[in-house]
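Have a look at the structure below, then the notes.
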Number of protein chains: 2
Amino acid sequence: MLSRQVRYFLAVAEHQSFTRAAEAMHVSQPALSQQVRLMEESLGVQLFDRSGRMTRLTDSGEVYLQYVRRASQEFREAKRALHDVNDLSREGCGWQ
Amino acid sequence: MLSRQVRYFLAVAEHQSFTRAAEAMHVSQPALSQQVRLMEESLGVQLFDRSGRMTRLTDSGEVYLQYVRRASQEFREAKRALHDVNDLSREGCGWQ
DNA sequence: CGGGCTTACGGTGTGCGTAAATATC
DNA sequence: GATATTTACGCACACCGTAAGCCCG
């Protein structure tokens with residue numbers, strides 16, 4: 001699956017708010033803020049613009065979001081594919 | 001990025017061996033084994049066949065690997081894209 | 001026996017929550 | 001002054017490494 005930091009990033013990007021993202025992820029807002037900060041440091045890129053009361057993605061953040069969304073989609077499909085494989089094998093056993 | 005467990009899964013799948021994967025990831029073999037086990041439990045799916053001396057992917061493992069490879073590729077491209085954005089903005093500043 | 005994976009068991013680092021501080025409007 | 005994010009600070013748990021156990025050739 002995706003790392004915790006990436007899942008937090010996705011939540012903040014979707015909600016455009018650290019506070020609401022923290023609620024959605026069932027984690028305290030400082031904890032989420034810290035992880036996003038660490039992520040920005042390790043990437044060497046500012047992902048969010050925190051000036052003003054609105055939290056907005058930076059241009060780099062928007063770019064990164066595109067790729068992360070596709071990666072996230074891969075895991076959703078993977079989960080479904082595993083489920084289907086299980087169903088098929090059970091169905092196959094029933095045939096015998 | 002990808003979660004630690006997924007990166008361990010990728011390493012074992014590539015090396016077809018827990019021992020060699022552990023060396024490649026610079027982690028002890030029991031630690032890696034434990035994480036893969038936890039991953040299998042949380043997915044509810046056996047990813048590797050450990051019978052015999054060879055470690056092989058199960059059918060489900062092969063399926064999962066396909067999606068994980070694509071997700072991994074997304075992050076490689078994301079990293080490159082961020083790098084390119086940085087280069088462009090520096091280049092842009094130079095133009096002024 | 002020998003190579004390879006698992007189990008058992010402490011120790012440590014990382015992520016967490018609470019509380020206080022800072023900043024923007 | 002109110003809302004939103006950051007900083008400070010302990011604490012708990014998850015991950016790790018070492019060592020012993022197990023299984024298949």
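By order of appearance in the structure tokens: chains A, B, ..., then residues from 1 within every chain, and ligands from 1 in the order shown.
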Counting only C-alpha atoms (C1' of nucleotides), which residues of chain A fall within 7 Å of chain C, and what is the closest atom pair for each with its distance in Å at one decimal, ordered by chain and rising number, as a Markdown table?
```
| residue | atom | partner | partner_atom | distance |
| --- | --- | --- | --- | --- |
| A:Ser28 | CA | C:DG17 | C1' | 6.8 |
| A:Ala31 | CA | C:DC16 | C1' | 6.4 |
| A:Gly52 | CA | C:DT24 | C1' | 5.7 |
| A:Arg53 | CA | C:DT24 | C1' | 6.4 |
```
Per-residue nearest contacts of chain B to chain D (12 Å; only C-alpha atoms (C1' of nucleotides)) as JSON lines:
```
{"residue": "B:Arg4", "atom": "CA", "partner": "D:DC15", "partner_atom": "C1'", "distance": 10.4}
{"residue": "B:Gln5", "atom": "CA", "partner": "D:DC15", "partner_atom": "C1'", "distance": 11.1}
{"residue": "B:His26", "atom": "CA", "partner": "D:DC16", "partner_atom": "C1'", "distance": 11.3}
{"residue": "B:Val27", "atom": "CA", "partner": "D:DC16", "partner_atom": "C1'", "distance": 8.1}
{"residue": "B:Ser28", "atom": "CA", "partner": "D:DG17", "partner_atom": "C1'", "distance": 6.8}
{"residue": "B:Gln29", "atom": "CA", "partner": "D:DG17", "partner_atom": "C1'", "distance": 9.5}
{"residue": "B:Pro30", "atom": "CA", "partner": "D:DG17", "partner_atom": "C1'", "distance": 8.6}
{"residue": "B:Ala31", "atom": "CA", "partner": "D:DC16", "partner_atom": "C1'", "distance": 6.2}
{"residue": "B:Leu32", "atom": "CA", "partner": "D:DC16", "partner_atom": "C1'", "distance": 9.3}
{"residue": "B:Ser33", "atom": "CA", "partner": "D:DC16", "partner_atom": "C1'", "distance": 11.6}
{"residue": "B:Gln34", "atom": "CA", "partner": "D:DC15", "partner_atom": "C1'", "distance": 9.5}
{"residue": "B:Gln35", "atom": "CA", "partner": "D:DC15", "partner_atom": "C1'", "distance": 8.8}
{"residue": "B:Leu38", "atom": "CA", "partner": "D:DA14", "partner_atom": "C1'", "distance": 11.8}
{"residue": "B:Arg50", "atom": "CA", "partner": "D:DC24", "partner_atom": "C1'", "distance": 10.4}
{"residue": "B:Ser51", "atom": "CA", "partner": "D:DC24", "partner_atom": "C1'", "distance": 7.9}
{"residue": "B:Gly52", "atom": "CA", "partner": "D:DC24", "partner_atom": "C1'", "distance": 5.9}
{"residue": "B:Arg53", "atom": "CA", "partner": "D:DC24", "partner_atom": "C1'", "distance": 6.9}
{"residue": "B:Met54", "atom": "CA", "partner": "D:DC24", "partner_atom": "C1'", "distance": 10.4}
```
After a least-squares superposition on chain B over all sequentially paired C-alpha atoms, what is chain A as a tab-separated table (two decimals) with C-alpha atoms, in the first residue's frame?
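Contents of the output file superposed_8.tsv:
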```tsv
chain	number	residue	atom	x	y	z
A	1	MET	CA	6.27	6.59	-1.67
A	2	LEU	CA	5.39	2.92	-1.23
A	3	SER	CA	4.97	1.53	2.26
A	4	ARG	CA	7.83	-0.41	3.75
A	5	GLN	CA	5.90	-3.67	3.48
A	6	VAL	CA	5.32	-3.22	-0.24
A	7	ARG	CA	8.98	-2.40	-0.85
A	8	TYR	CA	9.94	-5.57	1.01
A	9	PHE	CA	7.45	-7.55	-1.04
A	10	LEU	CA	8.98	-6.20	-4.26
A	11	ALA	CA	12.48	-7.14	-3.09
A	12	VAL	CA	11.50	-10.72	-2.23
A	13	ALA	CA	9.63	-11.10	-5.52
A	14	GLU	CA	12.64	-9.86	-7.48
A	15	HIS	CA	15.24	-11.94	-5.67
A	16	GLN	CA	13.03	-14.98	-5.15
A	17	SER	CA	14.62	-15.24	-1.71
A	18	PHE	CA	14.03	-13.67	1.68
A	19	THR	CA	17.72	-13.87	2.51
A	20	ARG	CA	18.96	-12.04	-0.59
A	21	ALA	CA	16.08	-9.53	-0.41
A	22	ALA	CA	17.06	-8.74	3.19
A	23	GLU	CA	20.64	-8.08	2.12
A	24	ALA	CA	19.46	-5.83	-0.70
A	25	MET	CA	17.20	-3.85	1.66
A	26	HIS	CA	19.90	-3.62	4.35
A	27	VAL	CA	17.69	-5.23	6.94
A	28	SER	CA	17.88	-8.49	8.88
A	29	GLN	CA	16.14	-11.44	7.30
A	30	PRO	CA	13.76	-12.08	10.24
A	31	ALA	CA	12.64	-8.43	10.19
A	32	LEU	CA	11.82	-8.62	6.49
A	33	SER	CA	10.13	-11.99	6.90
A	34	GLN	CA	7.93	-10.62	9.66
A	35	GLN	CA	6.81	-7.63	7.59
A	36	VAL	CA	5.90	-9.80	4.61
A	37	ARG	CA	3.98	-12.10	6.91
A	38	LEU	CA	2.05	-9.15	8.38
A	39	MET	CA	1.34	-7.93	4.85
A	40	GLU	CA	-0.06	-11.32	3.84
A	41	GLU	CA	-2.24	-11.35	6.95
A	42	SER	CA	-3.63	-7.88	6.37
A	43	LEU	CA	-4.34	-8.72	2.71
A	44	GLY	CA	-5.76	-12.09	3.69
A	45	VAL	CA	-3.73	-13.66	0.89
A	46	GLN	CA	-0.68	-15.90	0.70
A	47	LEU	CA	1.80	-14.07	-1.55
A	48	PHE	CA	4.71	-16.53	-1.47
A	49	ASP	CA	5.03	-20.28	-1.56
A	50	ARG	CA	7.68	-21.18	1.02
A	51	SER	CA	7.50	-24.95	0.66
A	52	GLY	CA	10.77	-26.42	-0.45
A	53	ARG	CA	14.00	-24.41	-0.49
A	54	MET	CA	12.86	-22.12	-3.27
A	55	THR	CA	10.71	-19.07	-2.48
A	56	ARG	CA	8.17	-18.54	-5.28
A	57	LEU	CA	5.27	-16.17	-5.81
A	58	THR	CA	1.82	-17.70	-5.55
A	59	ASP	CA	-0.70	-16.98	-8.30
A	60	SER	CA	-2.16	-14.23	-6.12
A	61	GLY	CA	1.35	-12.92	-5.53
A	62	GLU	CA	1.97	-12.70	-9.28
A	63	VAL	CA	-1.26	-10.78	-9.74
A	64	TYR	CA	-0.44	-8.40	-6.93
A	65	LEU	CA	3.08	-7.89	-8.26
A	66	GLN	CA	1.75	-6.54	-11.56
A	67	TYR	CA	-0.13	-3.73	-9.85
A	68	VAL	CA	2.64	-2.97	-7.39
A	69	ARG	CA	5.13	-2.68	-10.25
A	70	ARG	CA	2.93	-0.08	-11.95
A	71	ALA	CA	2.49	1.86	-8.71
A	72	SER	CA	6.23	1.78	-8.17
A	73	GLN	CA	6.75	3.11	-11.68
A	74	GLU	CA	4.40	6.02	-10.92
A	75	PHE	CA	6.64	7.09	-8.05
A	76	ARG	CA	9.78	6.84	-10.16
A	77	GLU	CA	8.14	9.09	-12.73
A	78	ALA	CA	6.85	11.42	-10.01
A	79	LYS	CA	10.34	11.90	-8.67
A	80	ARG	CA	11.64	12.67	-12.15
A	81	ALA	CA	8.73	15.06	-12.81
A	82	LEU	CA	9.43	16.98	-9.59
A	83	HIS	CA	13.06	17.23	-10.60
A	84	ASP	CA	12.08	18.58	-14.01
A	85	VAL	CA	9.75	21.17	-12.46
A	86	ASN	CA	12.63	22.39	-10.33
A	87	ASP	CA	14.95	22.63	-13.31
A	88	LEU	CA	12.36	24.55	-15.33
A	89	SER	CA	11.73	27.09	-12.58
A	90	ARG	CA	15.47	27.68	-12.16
A	91	GLU	CA	15.87	28.03	-15.91
A	92	GLY	CA	12.90	30.41	-15.93
A	93	CYS	CA	14.52	32.57	-13.27
A	94	GLY	CA	17.67	32.70	-15.39
A	95	TRP	CA	15.67	34.13	-18.26
A	96	GLN	CA	14.66	37.22	-16.35
```
- Message: Could you go through chain A and tell me which residues DSSP, when run on the backbone, assigns to strand (DSSP E), listing them as an MDAnalysis selection string?
- Response: chainID A and resid 48:49 56:57
Could the residues in this selection be saved with C-alpha atoms as a PDB file, in the first residue's frame?
```pdb
ATOM      1  CA  PHE A  48       1.531  23.114   0.117  1.00  0.00           C
ATOM      2  CA  ASP A  49       1.228  26.865   0.338  1.00  0.00           C
ATOM      3  CA  ARG A  56      -3.396  25.195  -1.279  1.00  0.00           C
ATOM      4  CA  LEU A  57      -1.194  22.878  -3.308  1.00  0.00           C
TER       5      LEU A  57
END
```
- Would you mind writing down, as a VMD selection string, each residue of segment 1-95 of chain A that DSSP on the backbone assigns to alpha helix (DSSP H)? chain A and resid 4 to 15 18 to 25 29 to 43 59 to 95
